[in-house]
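Here is the structure we will look at.
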Amino acid sequence: EKAIRELSGVILSRGPKLCNFVDWKGHKVVYKRYASLYFCICIDEEDNELEALEVIHHFVEILDRYFGSVCELDLIFNFHKAYYILDELLIAGELQESSKRTIAKLISAQDNLVEVAKEEASSLSNIIAQATK
Amino acid sequence: MNPFSSGTRLRDMIRAIRACKTAAEERAVVRKECAAIRAAINENDQDYRHRNLAKLMFIHMLGYPTHFGQMECLKLIASPGFPEKRIGYLGLMLLLDERQEVLMLVTNSVKQDLNHTNQYIVGLALCALGNICSAEMARDLAPEVERLLQFRDPNIRKKAALCSIRIIKKVPDLAENFINPVAALLKEKHHGVLITGIQLCTDLCKVSPEALEYFRKKCTDGLVRTLRDLVNSPYAPEYDIAGITDPFLHIRLLKLLRVLGQGDADASDAMNDILAQVATKTESNKNAGNAILYECVETIMSIEDNGGLRVLAINILGRFLSNRDNNIRYVALNMLMRAITVDAQAVQRHRSTILECVKDSDASIRKRALELVYLLVNESNVKPLTKELVDYLEVSDQDFKGDLTAKICSIIEKFSPEKIWYIDQMLKVLTEAGNFVKDEVWHALVVVISNASDLHGYTVRALFRALQTTAEQESLVRVAVWCIGEYGDLLVNNAGMLNVEDPITVTESDAVDVVESAIKRHASDLTTKSMALIALLKLSSRFPSCSGRIKDIVVQHKGSLVLELQQRSLEFNSIIEKHQNIRSALVERMPVLDEASFGGRRASSLPNTVSTSNGTAVKLPNGVAKPSAAPLVDLLDLSDDVPAPSSSGGDFLQDLLGVDLAPATQSGTSQAPKAGTDVLLDLLSIGSNPAQDNSVSTPDILSSAQDHKPAIASLDVLAAPSNMMDLLDGFTPAPPKPANNGPAYPSIVAFESSSLRLTFNFSKQPGNPQTTTISGTFTNLSSNVFTDFVFQAAVPKFLQLHLDPASGNSLPASGNGTITQSLKVTNSQHGKKPLVMRLRIAYKVDGKDVLEEGQINNFPRDL
């Protein structure tokens, strides 16, 4: 927690024209600002910083497509969905899929499964509720 | 159903938390929710389990403890439904980490899920495993993951590939199992699988040299072809970013090619063409293109030399450097640092641009640029570069000044062509940023000044002038005060004027003024004030007319609460008042401080130094001082090791005593053996005819010694006589004791092989000549660590041996640490037979036992 707070402090204090890379406690942190939101990722020494920027943008674009013009509130109230998307994009810190379309398809397939399961559950409870009346 | 246990919906809870205006309110809401969740957990509530877990995760993100929910994750994962599993796995990844024991309980569930018919569930399990599994889990489940690498669904294959990365990182032994499946993955068409497969391959090569060999031989060509196809591929909307098809894949491929090409000429040859193509054809107006170019340049720099390619790469970097985009410049600076090792000349061409970057408004860029400049400095460009840097020092930010100062000082020291330039530059730095200058640096400056005897006059005048303008920088004040004390007469007489100097009239009282203001300065700390006091003492001898005034100043500190100042004040006062006859001898010009031993004592913070031209150059050999424990202990050790006339320390003392500017003290030389005791007695009783020079150095050394351990280490040889003063301060009983250790003995190298050295230092207790205490130091000369280190010794019948336990049994490699062990030998034939000893040293290297044996015959004869 402390790390997040400290890092936020450092990043928030950087001016607008400065480069998007910060050295923090021996690690490289890449951040990108979208309106009032900052996305930060921490990468290894040997990783490509410019690519990290692209990864951030990739993620944001996918979020945008999924939520439809994503805004901060979307992420707060649907953080679990944001995580699901992230899990389709990265595993163990490595990029998993470079096609936004593929990721979108996977997510929607899984969302469907959830919908179907909910419907089944509610229809079951309807039956039970009626039966026990 | 208890309405309370169902709790609020996730959305409502989030809304409630966001509506809180204070932290206390938020805590209250969270507490209520946690209570409800705990109740639900206790009741084993099924229906709202996943909602509760979602709430828990939110609460966790806010920073509150949520460990009570960990078992819920497990229950959810074990449930049959997809939504439950999904949130259960997410909870697992967020709330737990690999160190938790709870994780082990999940292994079975995960195993079942890996074999599930629903491929999304398999995907969930792989994802969780890849993010969080521990080594044991990895070992257990590796076979399943391997199998999944060949699953029909590409979604699963790519997840399995990334999961495998984590597995081989946790359990490198399993790497070989993955080589064959990966070779198949590299031939895939699906981008997702290809990317992950390439990533897995890269990591495999890092972990296992066999894998590296295999892929290098079999797959390099295939990969080059894949890259070529990608580069030449037509527009593909699914993968297009900024006009380039799948830049991520480009970059991964380039990275893997780098790993394969590094160190192997054939592989490097195979990729030359495609690298050239990427380097020249890629558009660089968007970030994606630049990212690819960056990776390409990295690869070109790492693989085996191909002159044309390297030139191409450096050109790209040059373009990057002048790009307006800060990110690009940052990245270019980074790359240039690596390029220096490869082609320093080419990088030198961009020197002026890099210098500009040092002054950039962006802190990250400044830092990188400064490091790069530091690497670029050599003898030919040191003067203009330093000038630029010093000029910038004046306008730089406070937080940057520290770094900048350190680098500038280091550059000045390493590359300074003449002493006068060195002194000039250091003066500038001290004036501007003296407070950031580390102690070793200004100590070194003092050493250099003392060595440059023709520059003494110039230096002291320059310092005087500098002090007139700024007296804020502590180090500057200290160096100036020391010089004025030493060379005050030169200052006043305008002696040794150089052509470049303007004449300056300084009266004796001006000089005293300056030193007085140094003492009176509120900001002066103990070191400065102590140095000022001794400087005043020196001046009182050199300027007899000011003696009275000086005495008044000195006397003011008689009642100082700081012991050091009080003591000095009293002693100096007494010298000035009552002992004018010895005063001038006391404060004679210090002899030239030996650069070699001072340089050798430097803390290792400065990098390896290079001696430039001979003679007049600043030559600072590398070396590490004897590790100094408490200063007093160190000095006591020294007094054992350093017999006044014979060993190196004694030579140093001889230098000190012998190299003398006034006739009065030749007797000091012959009295060196008794120097220690005599000085002590003299200071106590202010008697006659001592080796007075010793006490000259003493207060000076004490002044630094008081506050700075490194200074003690650097001056510890010089301080051999001053241990008397220290003992006087701290140890009232028997101060002369160390001197009475009797004749001391030189240390010997008792045993040396290609991998181990043992040195012995000797001492005897007073009044017990038959018993010698030996302190043995083991140094590891090889590059492997020695463990289970055991030393044994055997002696003939006329000797008795007692061995103390060693300081440790693990000896770091390459002399990075030592083991010490103490022995006592009693010689019943003392005086008739010398000591002799057989030794046996046993240790382990990489688990294998090693035994070394030897005999020591070179003990000093009279032990």
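Just so we're on the same page: first chain in the structure tokens is A, next is B, and so on; residues restart at 1 for each chain, and ligands are numbered from 1 in the order they show up.
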
Within 7 Å of chain B, which residues of chain A are there when counting only C-alpha atoms? Please give them as a tab-separated table (two decimals) with N, CA, C and O atoms, in the first residue's frame.
```tsv
chain	number	residue	atom	x	y	z
A	1	GLU	N	0.85	-1.21	0.00
A	1	GLU	CA	0.00	0.00	0.00
A	1	GLU	C	0.86	1.23	0.00
A	1	GLU	O	0.61	2.20	-0.68
A	18	LEU	N	6.85	16.20	-19.54
A	18	LEU	CA	7.97	15.31	-19.25
A	18	LEU	C	7.72	13.92	-19.81
A	18	LEU	O	6.60	13.54	-20.10
A	19	CYS	N	8.79	13.15	-19.89
A	19	CYS	CA	8.64	11.83	-20.48
A	19	CYS	C	7.91	10.90	-19.52
A	19	CYS	O	7.82	11.16	-18.33
A	20	ASN	N	7.39	9.84	-20.08
A	20	ASN	CA	6.48	9.00	-19.30
A	20	ASN	C	7.19	7.93	-18.49
A	20	ASN	O	6.57	6.95	-18.10
A	22	VAL	N	9.70	6.81	-15.25
A	22	VAL	CA	10.25	7.24	-13.98
A	22	VAL	C	11.09	6.11	-13.40
A	22	VAL	O	10.72	4.94	-13.49
A	48	ASN	N	11.25	-3.04	-22.92
A	48	ASN	CA	11.16	-1.91	-23.82
A	48	ASN	C	10.12	-0.93	-23.31
A	48	ASN	O	8.93	-1.24	-23.26
A	50	LEU	N	8.98	1.86	-24.58
A	50	LEU	CA	8.00	2.33	-25.56
A	50	LEU	C	6.92	1.29	-25.78
A	50	LEU	O	5.75	1.61	-26.00
A	51	GLU	N	7.35	0.02	-25.72
A	51	GLU	CA	6.34	-1.02	-25.89
A	51	GLU	C	5.37	-1.01	-24.73
A	51	GLU	O	4.17	-1.23	-24.91
A	54	GLU	N	2.68	1.17	-25.35
A	54	GLU	CA	1.71	0.59	-26.28
A	54	GLU	C	0.79	-0.38	-25.57
A	54	GLU	O	-0.41	-0.45	-25.87
A	77	PHE	N	-16.94	0.89	-10.52
A	77	PHE	CA	-18.06	0.00	-10.20
A	77	PHE	C	-17.93	-1.36	-10.84
A	77	PHE	O	-18.60	-2.31	-10.45
A	87	ASP	N	-6.95	-9.95	-17.40
A	87	ASP	CA	-6.48	-11.34	-17.40
A	87	ASP	C	-6.47	-11.94	-18.80
A	87	ASP	O	-5.77	-12.92	-19.02
A	91	ILE	N	-0.75	-12.32	-18.75
A	91	ILE	CA	-0.62	-13.34	-17.70
A	91	ILE	C	0.83	-13.31	-17.26
A	91	ILE	O	1.73	-13.25	-18.10
A	92	ALA	N	1.04	-13.36	-15.96
A	92	ALA	CA	2.40	-13.36	-15.42
A	92	ALA	C	3.19	-12.19	-16.00
A	92	ALA	O	4.38	-12.28	-16.25
A	96	GLN	N	-0.50	-11.42	-23.74
A	96	GLN	CA	-1.13	-12.68	-24.10
A	96	GLN	C	-1.75	-12.63	-25.49
A	96	GLN	O	-1.81	-13.63	-26.18
A	97	GLU	N	-2.25	-11.48	-25.87
A	97	GLU	CA	-2.99	-11.42	-27.12
A	97	GLU	C	-2.90	-10.02	-27.69
A	97	GLU	O	-3.13	-9.05	-26.98
A	98	SER	N	-2.58	-9.93	-28.96
A	98	SER	CA	-2.41	-8.59	-29.51
A	98	SER	C	-3.61	-8.14	-30.33
A	98	SER	O	-3.64	-7.05	-30.84
A	99	SER	N	-4.60	-8.99	-30.40
A	99	SER	CA	-5.76	-8.61	-31.21
A	99	SER	C	-6.91	-8.20	-30.30
A	99	SER	O	-7.40	-9.00	-29.50
A	101	ARG	N	-9.85	-7.63	-31.11
A	101	ARG	CA	-11.09	-8.33	-31.49
A	101	ARG	C	-11.17	-9.68	-30.78
A	101	ARG	O	-12.21	-10.06	-30.25
A	113	LEU	N	-21.69	-16.84	-20.62
A	113	LEU	CA	-21.80	-17.97	-19.70
A	113	LEU	C	-22.38	-17.51	-18.37
A	113	LEU	O	-23.22	-18.19	-17.77
A	114	VAL	N	-21.93	-16.36	-17.94
A	114	VAL	CA	-22.42	-15.85	-16.65
A	114	VAL	C	-23.89	-15.54	-16.75
A	114	VAL	O	-24.69	-15.88	-15.86
```

(request) Please identify all polymer residues within 9 Å of stretch 302-319 of chain B, counting only C-alpha atoms, omitting same-chain residues fewer than 6 positions from it, and present them as a PyMOL selection string. (result) chain B and resi 257-269+272+275-276+279-280+293-294+296+329+331-333+335-336+339+342-343+346-347+350

(request) Fewer than 6 positions away in the same chain doesn't count, so skip those; otherwise give me all residues within 9 Å of B:Ser584, counting only C-alpha atoms, as an MDAnalysis selection string. (result) chainID B and resid 538 540:542

(message) Give me, as number ranges by chain, all polymer residues having an atom no more than 9 Å from A:Glu45, counting only C-alpha atoms and skipping those fewer than 4 positions away in the same chain.
(response) A: 26-28

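Counting only C-alpha atoms, B:Ala135 has the following residues at most 8 Å away, ignoring those fewer than 5 positions along the same chain: Ile167, Lys170 and Val171 of chain B.
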
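Running DSSP on the backbone gives strand (DSSP E or B) for these residues within chain A: Phe21, Val22, Asp23, Trp24, His27, Lys28, Val29, Val30, Tyr31, Lys32, Arg33, Tyr34, Leu37, Tyr38, Phe39, Cys40, Ile41, Cys42, Ile43, Leu90, Ile91, Glu94 and Leu95 of chain A.
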
(request) Skip A:Tyr66 itself and residues of its chain fewer than 2 positions away, then list as number ranges by chain all residues within 12 Å of it, counting only C-alpha atoms. (result) A: 59-64, 68-71, 74-75, 78, 81-82, 84-85, 100-101, 103-108, 111

Selection file, N, CA and C atoms, as a compact mmCIF listing (two decimals), in the first residue's frame:
```
# COMPACT_ATOMS: atom_id res chain seq x y z
N PHE A 59 -4.65 -1.77 -23.70
CA PHE A 59 -5.59 -2.09 -22.63
C PHE A 59 -6.70 -1.06 -22.58
N VAL A 60 -6.30 0.20 -22.65
CA VAL A 60 -7.31 1.26 -22.53
C VAL A 60 -8.29 1.20 -23.69
N GLU A 61 -7.76 0.91 -24.86
CA GLU A 61 -8.66 0.82 -26.01
C GLU A 61 -9.65 -0.32 -25.86
N ILE A 62 -9.17 -1.42 -25.34
CA ILE A 62 -10.08 -2.55 -25.15
C ILE A 62 -11.16 -2.19 -24.13
N LEU A 63 -10.73 -1.55 -23.05
CA LEU A 63 -11.71 -1.13 -22.05
C LEU A 63 -12.75 -0.21 -22.67
N ASP A 64 -12.23 0.67 -23.52
CA ASP A 64 -13.11 1.63 -24.16
C ASP A 64 -14.17 0.93 -24.99
N GLY A 68 -17.80 1.04 -23.76
CA GLY A 68 -18.34 2.12 -24.57
C GLY A 68 -17.97 3.46 -23.98
N SER A 69 -16.91 4.05 -24.48
CA SER A 69 -16.40 5.32 -23.94
C SER A 69 -16.19 5.22 -22.44
N VAL A 70 -15.27 4.41 -22.07
CA VAL A 70 -15.07 4.13 -20.66
C VAL A 70 -14.72 5.41 -19.89
N CYS A 71 -15.22 5.49 -18.68
CA CYS A 71 -14.84 6.60 -17.81
C CYS A 71 -14.45 6.02 -16.46
N ASP A 74 -16.90 3.79 -14.52
CA ASP A 74 -17.05 2.43 -15.04
C ASP A 74 -16.06 1.51 -14.38
N LEU A 75 -14.85 2.00 -14.27
CA LEU A 75 -13.81 1.14 -13.71
C LEU A 75 -14.02 0.90 -12.24
N ASN A 78 -17.08 -1.46 -11.82
CA ASN A 78 -16.94 -2.75 -12.50
C ASN A 78 -15.51 -3.21 -12.47
N LYS A 81 -14.73 -6.63 -13.67
CA LYS A 81 -14.73 -6.85 -15.11
C LYS A 81 -13.44 -6.33 -15.73
N ALA A 82 -12.97 -5.20 -15.20
CA ALA A 82 -11.70 -4.69 -15.71
C ALA A 82 -10.60 -5.72 -15.49
N TYR A 84 -11.03 -8.93 -15.33
CA TYR A 84 -11.19 -10.06 -16.26
C TYR A 84 -10.55 -9.72 -17.59
N ILE A 85 -10.77 -8.49 -18.02
CA ILE A 85 -10.18 -8.08 -19.31
C ILE A 85 -8.67 -8.12 -19.21
N LYS A 100 -7.35 -6.97 -30.43
CA LYS A 100 -8.43 -6.50 -29.58
C LYS A 100 -9.70 -7.28 -29.85
N ARG A 101 -9.85 -7.63 -31.11
CA ARG A 101 -11.09 -8.33 -31.49
C ARG A 101 -11.17 -9.68 -30.78
N ILE A 103 -9.77 -10.60 -28.00
CA ILE A 103 -10.02 -10.43 -26.57
C ILE A 103 -11.49 -10.10 -26.33
N ALA A 104 -12.02 -9.22 -27.15
CA ALA A 104 -13.42 -8.85 -26.99
C ALA A 104 -14.32 -10.08 -27.14
N LYS A 105 -13.98 -10.91 -28.11
CA LYS A 105 -14.79 -12.12 -28.31
C LYS A 105 -14.74 -13.03 -27.10
N LEU A 106 -13.55 -13.21 -26.57
CA LEU A 106 -13.41 -14.09 -25.41
C LEU A 106 -14.20 -13.57 -24.23
N ILE A 107 -14.09 -12.28 -24.01
CA ILE A 107 -14.79 -11.71 -22.86
C ILE A 107 -16.29 -11.86 -23.02
N SER A 108 -16.75 -11.58 -24.21
CA SER A 108 -18.21 -11.63 -24.35
C SER A 108 -18.69 -13.07 -24.25
N ASP A 111 -18.87 -13.65 -20.59
CA ASP A 111 -20.00 -12.93 -20.01
C ASP A 111 -21.30 -13.66 -20.29
```

(request) For A:Ala52, work out the shell of residues within 9 Å, counting only C-alpha atoms and skipping chain neighbours fewer than 4 positions away, then give it as a list of chain:residue names. (result)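 Residues meeting the cut-off are A:Val30, A:Tyr31, A:Ile41, A:Cys42, A:Ile43, A:Asp47, A:Asn48, A:Ile56, A:His57, B:Ala291.
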
(request) Select, from B:Ile484, B:Thr470, B:Val122, B:Ser783, the residue with the minimum atom-to-atom distance to B:His456, counting only C-alpha atoms. (result)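 So, comparing all the options, the nearest one is B:Ile484.
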